[in-house]
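Enquirer: This is the structure I have questions about; it appears just below.
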Amino acid sequence: MTKLICLDAGHGGRDPGAVGYGLREADVALKLVELVNHYLGSYACVTTLTRNKNTSASYPSGKEGLRKRIAYANNKGADFYLSIHCNAGRGSGFESYVAQPAPTRTKRIQKVINDSVLGFLKGYGVKAHGNPEKVDIQAARGRIAVVRDTKMSAVLLECLFIDNPTENKILKDSQFLDGLAKAITVGVALALGLDKR
Ligand SMILES: [Zn+2]
């Protein structure tokens, strides 16, 4: 069976997400999602996007936006849900989240994607933000609704800190975003066992 992958660019519409030095998280997330979507095209899978450059401007923000994303992935019957974000709050590095409790399968997927991404980030001197494989212990309070309420395996990536001056500069580099998208794609393909087309 061909796997259906739902790619979710965080925020959008009136919600810019975190902002740092003129860069909006919503825009970085969308760029990464469009690139990952492109690179997944060379693997045997089907992709669907919660928002794209055409639908982005009118995408609902806040709780309504979260509900829309979750319903979209669940109604499509996606096999895997990947949400892409940037971090903020005076830290550095990369981390990812799965719901609490997460099935072993989901945790394994998270680890494989993390390993691929962290391998790429090493070349830019970017490390994990603490333990990169995080379980959303606050999910019961709705912190990360998209990993909690989607019915399929779901992983949320926090790609660097947009308010960290060094990482902000890197996030503005299109060559970096391209490489990061490739590393995410390779991780997803490996984790889900996707064949090359
Ligand atoms: Zn975010």
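Every chain in the structure tokens takes a letter, A first, then B, and so on in the order presented; its residues are numbered from 1, and the ligands are numbered from 1 following the presented order.
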Hey, could you make a per-residue contact list for chain A against ligand 1 with 8 Å as the cut-off, showing the nearest pair of atoms and its distance in Å to one decimal, counting only C-alpha atoms and all ligand atoms, sorted by chain and number, as CSV?

Expert:
residue,atom,partner,partner_atom_place_in_ligand_line,distance
A:Gly10,CA,ligand 1,1 (Zn),5.4
A:His11,CA,ligand 1,1 (Zn),6.3
A:Gly17,CA,ligand 1,1 (Zn),5.4
A:Ala18,CA,ligand 1,1 (Zn),6.6
A:Glu25,CA,ligand 1,1 (Zn),6.7
A:Ala26,CA,ligand 1,1 (Zn),7.5
A:Ile84,CA,ligand 1,1 (Zn),7.6
A:His85,CA,ligand 1,1 (Zn),4.5
A:Cys86,CA,ligand 1,1 (Zn),5.7
A:Asn87,CA,ligand 1,1 (Zn),6.5
A:Glu158,CA,ligand 1,1 (Zn),7.4

Enquirer: So that I can check the secondary structure, give me every residue of region 51-195 of chain A assigned strand (DSSP E) by backbone DSSP, as a PyMOL selection string.

Expert: chain A and resi 80-87+94-99+128-136+153-161

Enquirer: Between A:Gly93, A:Gly13, A:Gly62, A:Gly20, which has the minimum distance to Asn168 (chain A) (counting only C-alpha atoms)?

Expert: A:Gly20

Enquirer: Considering only C-alpha atoms, can you say which of A:Gly89, A:Pro101, A:Gly125, A:Gly119 comes closest to Ile137 (chain A)?

Expert: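 Of all the options, A:Pro101 lies closest to Ile137 (chain A).
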
Enquirer: Env of Thr185 (chain A): 12 Å cut, atoms = only C-alpha atoms, seq-sep filter 4 positions within chain, self excluded. Answer as a VMD selection string.

Expert: chain A and resid 5 7 32 to 43 45 47 82 112 to 117 120 178 to 181 189 to 194 196
